[in-house]
$ cat entry-v1.tsv   # TSV, C-alpha atoms and all ligand atoms
chain	number	residue	atom	x	y	z
A	36	MET	CA	13.73	-3.24	-11.35
A	37	ALA	CA	10.50	-4.67	-10.02
A	38	VAL	CA	9.25	-4.45	-6.48
A	39	LYS	CA	9.49	-7.65	-4.42
A	40	ALA	CA	6.32	-9.11	-2.95
A	41	TRP	CA	5.59	-12.48	-1.34
A	42	LEU	CA	2.98	-14.46	0.54
A	43	MET	CA	3.45	-14.17	4.30
A	44	ASP	CA	3.81	-16.99	6.78
A	45	ASP	CA	1.65	-17.12	9.91
A	46	GLY	CA	4.60	-16.69	12.30
A	47	GLU	CA	4.21	-14.56	15.41
A	48	GLU	CA	7.77	-13.22	15.30
A	49	ASP	CA	8.71	-9.53	14.96
A	50	GLN	CA	6.58	-7.79	12.32
A	51	ARG	CA	9.73	-6.16	10.91
A	52	LEU	CA	11.13	-9.52	9.78
A	53	PRO	CA	10.32	-10.63	6.19
A	54	HIS	CA	7.93	-13.47	7.15
A	55	HIS	CA	8.60	-15.50	4.02
A	56	ARG	CA	6.85	-18.81	3.61
A	57	VAL	CA	9.01	-21.92	3.29
A	58	PRO	CA	9.66	-22.35	0.42
A	59	VAL	CA	9.38	-18.70	-0.49
A	60	GLU	CA	6.37	-17.78	-2.67
A	61	TYR	CA	6.89	-14.57	-4.59
A	62	VAL	CA	3.94	-12.63	-5.98
A	63	PRO	CA	4.43	-11.03	-9.41
A	64	LEU	CA	3.45	-7.45	-10.18
A	65	SER	CA	0.69	-8.75	-12.47
A	66	GLN	CA	-1.01	-10.33	-9.46
A	67	LEU	CA	-0.79	-7.06	-7.56
A	68	ALA	CA	-2.35	-5.31	-10.56
A	69	GLU	CA	-5.26	-7.78	-10.41
A	70	ILE	CA	-6.14	-6.61	-6.91
A	71	GLY	CA	-5.96	-2.98	-8.02
A	72	ILE	CA	-2.45	-1.99	-6.97
A	73	LEU	CA	-0.49	0.40	-9.18
A	74	TYR	CA	3.30	0.52	-9.13
A	75	TRP	CA	6.05	2.62	-10.69
A	76	HIS	CA	9.79	2.78	-10.13
A	77	LEU	CA	10.98	6.39	-10.26
A	78	ASP	CA	14.17	8.29	-9.48
A	79	PRO	CA	13.91	9.07	-5.75
A	80	LYS	CA	16.37	12.00	-5.92
A	81	ASP	CA	15.42	15.55	-6.83
A	82	TYR	CA	11.72	14.68	-6.80
A	83	GLU	CA	10.71	18.28	-7.48
A	84	ASN	CA	12.09	18.04	-11.01
A	85	ASN	CA	11.06	14.45	-11.67
A	86	GLU	CA	9.19	14.57	-14.98
A	87	GLN	CA	7.73	11.10	-14.59
A	88	LEU	CA	6.40	11.87	-11.11
A	89	ASN	CA	4.96	15.18	-12.28
A	90	GLU	CA	3.25	13.40	-15.16
A	91	ILE	CA	1.66	10.82	-12.85
A	92	ARG	CA	0.54	13.58	-10.49
A	93	GLU	CA	-0.94	15.52	-13.39
A	94	ASN	CA	-2.68	12.51	-14.95
A	95	ARG	CA	-4.15	11.23	-11.69
A	96	GLY	CA	-4.90	14.59	-10.09
A	97	TYR	CA	-2.52	14.18	-7.13
A	98	ASN	CA	-2.28	17.87	-6.27
A	99	TYR	CA	-1.54	17.41	-2.55
A	100	MET	CA	1.77	16.12	-1.23
A	101	ASP	CA	3.73	16.01	2.02
A	102	LEU	CA	6.66	14.08	3.44
A	103	LEU	CA	6.60	11.60	6.28
A	104	GLU	CA	9.73	10.30	7.99
A	105	LEU	CA	9.45	7.32	10.28
A	106	CYS	CA	12.18	6.20	12.63
A	107	PRO	CA	12.52	5.85	16.39
A	108	GLY	CA	13.28	9.17	18.08
A	109	LYS	CA	12.24	11.40	15.19
A	110	VAL	CA	8.48	11.10	15.40
A	111	GLU	CA	6.07	12.12	18.12
A	112	ASN	CA	3.99	9.20	19.42
A	113	TYR	CA	6.18	6.89	17.35
A	114	GLU	CA	5.05	3.60	18.90
A	115	GLU	CA	1.39	4.56	18.75
A	116	LYS	CA	1.67	5.64	15.11
A	117	LEU	CA	3.43	2.44	14.13
A	118	ASN	CA	0.84	0.35	15.97
A	119	ASN	CA	-1.97	2.13	14.15
A	120	PHE	CA	-0.29	1.69	10.76
A	121	PHE	CA	0.00	-2.03	11.46
A	122	ARG	CA	-3.66	-2.42	12.32
A	123	GLU	CA	-5.55	-3.85	9.36
A	124	HIS	CA	-7.66	-1.09	7.81
A	125	ILE	CA	-9.14	0.50	4.69
A	126	HIS	CA	-9.58	4.06	3.49
A	127	ALA	CA	-12.34	5.77	1.54
A	128	ASP	CA	-9.65	6.94	-0.94
A	129	GLU	CA	-6.50	5.65	-2.57
A	130	GLU	CA	-3.37	5.40	-0.44
A	131	ILE	CA	-0.51	6.83	-2.52
A	132	ARG	CA	3.07	6.58	-1.29
A	133	PHE	CA	6.41	7.30	-2.98
A	134	CYS	CA	9.43	6.00	-1.07
A	135	LEU	CA	12.29	8.52	-1.13
A	136	GLU	CA	14.65	6.84	1.34
A	137	GLY	CA	14.79	3.72	3.49
A	138	SER	CA	12.32	0.88	3.17
A	139	GLY	CA	9.27	-0.76	4.68
A	140	TYR	CA	6.51	-3.30	4.17
A	141	PHE	CA	3.02	-2.69	2.88
A	142	ASP	CA	0.91	-5.77	3.58
A	143	VAL	CA	-2.25	-6.16	1.51
A	144	ARG	CA	-4.90	-8.87	1.44
A	145	GLY	CA	-4.90	-10.98	-1.72
A	146	LYS	CA	-7.90	-12.59	-3.41
A	147	ASP	CA	-8.02	-15.47	-0.93
A	148	ASP	CA	-7.65	-13.06	1.97
A	149	HIS	CA	-4.04	-14.10	2.61
A	150	TRP	CA	-1.42	-11.45	3.39
A	151	ILE	CA	0.86	-10.32	0.56
A	152	ARG	CA	3.92	-8.43	1.80
A	153	ILE	CA	5.23	-5.72	-0.55
A	154	TRP	CA	8.75	-4.50	0.16
A	155	ILE	CA	9.09	-0.90	-0.89
A	156	LYS	CA	12.44	0.88	-1.15
A	157	ALA	CA	13.74	4.21	-2.43
A	158	GLY	CA	12.19	4.87	-5.83
A	159	ASP	CA	9.11	2.68	-5.38
A	160	MET	CA	5.79	4.41	-5.85
A	161	ILE	CA	2.66	2.50	-4.97
A	162	VAL	CA	-1.06	3.18	-5.08
A	163	LEU	CA	-3.38	1.06	-2.97
A	164	PRO	CA	-6.99	1.30	-4.15
A	165	ALA	CA	-9.73	2.60	-1.84
A	166	GLY	CA	-11.30	-0.25	0.14
A	167	ILE	CA	-8.36	-2.70	0.09
A	168	TYR	CA	-7.45	-4.14	3.50
A	169	HIS	CA	-3.84	-3.27	4.29
A	170	ARG	CA	-1.29	-2.32	6.95
A	171	PHE	CA	2.26	-0.97	7.11
A	172	THR	CA	5.39	-1.67	9.12
A	173	LEU	CA	9.00	-0.61	9.05
A	174	ASP	CA	11.47	-3.40	8.32
A	175	THR	CA	14.60	-4.07	10.39
A	176	SER	CA	16.33	-0.98	8.93
A	177	ASN	CA	13.87	1.05	11.06
A	178	TYR	CA	13.80	3.97	8.68
A	179	VAL	CA	11.62	5.22	5.86
A	180	LYS	CA	10.98	8.57	4.21
A	181	LEU	CA	7.74	8.62	2.24
A	182	MET	CA	5.99	11.15	0.08
A	183	ARG	CA	2.23	11.05	0.62
A	184	LEU	CA	0.06	12.15	-2.28
A	185	PHE	CA	-3.65	12.83	-2.44
A	186	ILE	CA	-6.37	14.29	-4.65
A	187	GLY	CA	-7.51	17.50	-2.97
A	188	GLU	CA	-7.65	18.00	0.81
A	189	PRO	CA	-6.12	14.88	2.36
A	190	VAL	CA	-8.20	12.54	4.49
A	191	TRP	CA	-6.14	9.96	6.34
A	192	THR	CA	-8.99	8.32	8.26
A	193	ALA	CA	-8.42	4.59	8.72
A	194	TYR	CA	-11.38	2.24	9.16
A	195	ASN	CA	-10.26	-0.88	10.94
A	196	ARG	CA	-11.40	-4.30	9.81
A	197	PRO	CA	-14.20	-5.47	9.61
A	198	GLN	CA	-15.65	-2.93	7.15
A	199	GLU	CA	-17.71	-5.08	4.80
A	200	ASP	CA	-20.50	-2.48	4.64
A	201	HIS	CA	-18.26	0.52	4.02
A	202	PRO	CA	-19.10	1.97	0.57
A	203	ALA	CA	-15.42	1.94	-0.48
A	204	ARG	CA	-15.14	-1.72	0.54
A	205	ARG	CA	-18.24	-2.60	-1.47
A	206	VAL	CA	-16.91	-0.85	-4.55
A	207	TYR	CA	-13.54	-2.55	-4.09
A	208	ILE	CA	-15.12	-6.01	-3.83
A	209	LYS	CA	-17.20	-5.42	-6.94
A	210	SER	CA	-14.25	-4.06	-8.91
A	211	PHE	CA	-11.52	-6.50	-7.93
A	212	LEU	CA	-12.73	-9.55	-6.00
A	213	GLU	CA	-16.00	-10.62	-7.59
A	214	LYS	CA	-15.87	-12.51	-10.84
A	215	PRO	CA	-17.62	-10.57	-13.58
A	216	ARG	CA	-21.12	-11.89	-14.12
A	217	ILE	CA	-21.97	-12.78	-17.66
A	218	ALA	CA	-25.57	-12.10	-18.57
A	219	LEU	CA	-27.00	-15.08	-20.42
A	220	LYS	CA	-29.83	-14.39	-22.76
A	221	ALA	CA	-32.40	-17.11	-23.30
A	222	VAL	CA	-32.78	-18.01	-26.93
B	1	LIG	C1	3.39	4.99	6.73
B	1	LIG	S1	2.39	5.13	5.37
B	1	LIG	C2	1.33	3.73	5.33
B	1	LIG	C3	0.50	3.53	6.53
B	1	LIG	C4	-0.96	3.51	6.22
B	1	LIG	O1	-1.54	2.54	5.86
B	1	LIG	C5	-1.68	4.76	6.35
B	1	LIG	O2	-1.04	5.81	6.50
B	1	LIG	O3	-2.89	4.71	6.28
B	2	FE	FE	-3.55	2.99	5.23

$ encode --input "entry-v1.tsv" --output "structure tokens" --more "lines below"
Ligand SMILES: CSCCC(=O)C(=O)O
Ligand SMILES: [Fe+2]
Amino acid sequence: MAVKAWLMDDGEEDQRLPHHRVPVEYVPLSQLAEIGILYWHLDPKDYENNEQLNEIRENRGYNYMDLLELCPGKVENYEEKLNNFFREHIHADEEIRFCLEGSGYFDVRGKDDHWIRIWIKAGDMIVLPAGIYHRFTLDTSNYVKLMRLFIGEPVWTAYNRPQEDHPARRVYIKSFLEKPRIALKAV
């Protein structure tokens, strides 16, 4: 089962609505891979004994993890947190999230700087590369339980757009947005 992603419309309605374009324009996983996004579908139950998850954590060095539950009434400063998550930003490190329950939208900027909305649900594990502009919102179900992973001591600092001179942004642009330059040798 693949994750669903689509290009967003420019509508001003509630951020928790899907915001499909008309007609709908889905974005395949291969296109997400091109902008540096990694994706796995794993069993969301009994995560402690999930071999596949443990293997990914081992291979990628994700030794830190915690759980984050988002829904009205359960979280301190809920509105403020949600507003901050929905502000376009980057990080100096990968953003790694494994959805255990519920659902939500990760919006990321595609190659042409348009928004791609990625709908994650229980079992979806996603890695956003350092330096990619993104944001997050709950959908109309208003509930998500996420595992957050990190390499070493976690740093959650968000740098709001614009960040064109941030080192992580520069590396990201070089790695995923610029066309590779071919050196031509004079003969
Ligand atoms: C709720 S997890 C995703 C939100 C986000 O982009 C972040 O935590 O930096
Ligand atoms: Fe983020």

$ residues_near_ligand --input "entry-v1.tsv" --ligand "ligand LIG 1 (chain B)" --cutoff "8 Å" --atoms "only C-alpha atoms and all ligand atoms" --output "PDB file with C-alpha atoms, in the coordinates of the input"
ATOM      1  CA  LEU A 103       6.600  11.600   6.280  1.00  0.00           C
ATOM      2  CA  LEU A 105       9.450   7.320  10.280  1.00  0.00           C
ATOM      3  CA  LEU A 117       3.430   2.440  14.130  1.00  0.00           C
ATOM      4  CA  PHE A 120      -0.290   1.690  10.760  1.00  0.00           C
ATOM      5  CA  PHE A 121       0.000  -2.030  11.460  1.00  0.00           C
ATOM      6  CA  HIS A 124      -7.660  -1.090   7.810  1.00  0.00           C
ATOM      7  CA  ILE A 125      -9.140   0.500   4.690  1.00  0.00           C
ATOM      8  CA  HIS A 126      -9.580   4.060   3.490  1.00  0.00           C
ATOM      9  CA  GLU A 130      -3.370   5.400  -0.440  1.00  0.00           C
ATOM     10  CA  ARG A 132       3.070   6.580  -1.290  1.00  0.00           C
ATOM     11  CA  PHE A 141       3.020  -2.690   2.880  1.00  0.00           C
ATOM     12  CA  HIS A 169      -3.840  -3.270   4.290  1.00  0.00           C
ATOM     13  CA  ARG A 170      -1.290  -2.320   6.950  1.00  0.00           C
ATOM     14  CA  PHE A 171       2.260  -0.970   7.110  1.00  0.00           C
ATOM     15  CA  THR A 172       5.390  -1.670   9.120  1.00  0.00           C
ATOM     16  CA  LEU A 181       7.740   8.620   2.240  1.00  0.00           C
ATOM     17  CA  ARG A 183       2.230  11.050   0.620  1.00  0.00           C
ATOM     18  CA  TRP A 191      -6.140   9.960   6.340  1.00  0.00           C
ATOM     19  CA  THR A 192      -8.990   8.320   8.260  1.00  0.00           C
ATOM     20  CA  ALA A 193      -8.420   4.590   8.720  1.00  0.00           C
TER      21      ALA A 193
END

$ closest_residue --input "entry-v1.tsv" --among "A:Gly187, A:Pro164, A:Gly71, A:Gly158" --to "ligand FE 2 (chain B)" --atoms "all atoms listed in the file"
A:Pro164

$ atom_distance --input "entry-v1.tsv" --atom1 "atom FE of ligand FE 2 (chain B)" --atom2 "atom CA of A:Trp41"
19.1 Å

$ atom_distance --input "entry-v1.tsv" --atom1 "atom CA of A:Arg51" --atom2 "atom CA of A:Asp174"
4.2 Å

$ closest_residue --input "entry-v1.tsv" --among "A:Val179, A:Leu173, A:Val62, A:Met160" --to "A:Glu136" --atoms "all atoms listed in the file"
A:Val179

$ residues_around --input "entry-v1.tsv" --residues "A:Glu199" --least-positions-apart "2" --cutoff "12 Å" --atoms "all atoms listed in the file" --output "list in words"
His124, Ile125, Gly166, Ile167, Tyr168, Tyr194, Asn195, Arg196, Pro197, His201, Pro202, Ala203, Arg204, Arg205, Val206, Tyr207, Ile208 and Lys209 of chain A

$ write_last_selection --input "entry-v1.tsv" --atoms "C-alpha atoms" --output "compact mmCIF listing (two decimals), keeping the file's coordinate frame"
# COMPACT_ATOMS: atom_id res chain seq x y z
CA HIS A 124 -7.66 -1.09 7.81
CA ILE A 125 -9.14 0.50 4.69
CA GLY A 166 -11.30 -0.25 0.14
CA ILE A 167 -8.36 -2.70 0.09
CA TYR A 168 -7.45 -4.14 3.50
CA TYR A 194 -11.38 2.24 9.16
CA ASN A 195 -10.26 -0.88 10.94
CA ARG A 196 -11.40 -4.30 9.81
CA PRO A 197 -14.20 -5.47 9.61
CA HIS A 201 -18.26 0.52 4.02
CA PRO A 202 -19.10 1.97 0.57
CA ALA A 203 -15.42 1.94 -0.48
CA ARG A 204 -15.14 -1.72 0.54
CA ARG A 205 -18.24 -2.60 -1.47
CA VAL A 206 -16.91 -0.85 -4.55
CA TYR A 207 -13.54 -2.55 -4.09
CA ILE A 208 -15.12 -6.01 -3.83
CA LYS A 209 -17.20 -5.42 -6.94

$ atom_distance --input "entry-v1.tsv" --atom1 "atom CA of A:Leu88" --atom2 "atom CA of A:Lys109"
26.9 Å

$ closest_residue --input "entry-v1.tsv" --among "A:Asp45, A:Glu111, A:Glu129, A:Asp81" --to "ligand FE 2 (chain B)" --atoms "all atoms listed in the file"
A:Glu129

$ closest_residue --input "entry-v1.tsv" --among "A:Leu212, A:Val162, A:Val190, A:Ala157" --to "A:Lys80" --atoms "all atoms listed in the file"
A:Ala157

$ residues_around --input "entry-v1.tsv" --residues "A:Asp78" --least-positions-apart "4" --cutoff "12 Å" --atoms "only C-alpha atoms" --output "number ranges by chain"
A: 36, 82-89, 133-136, 156-160

$ residues_around --input "entry-v1.tsv" --residues "A:Pro53" --least-positions-apart "3" --cutoff "10 Å" --atoms "only C-alpha atoms" --output "ChimeraX atom specification"
/A:41,43-44,48-50,56,140,152-154,174-175
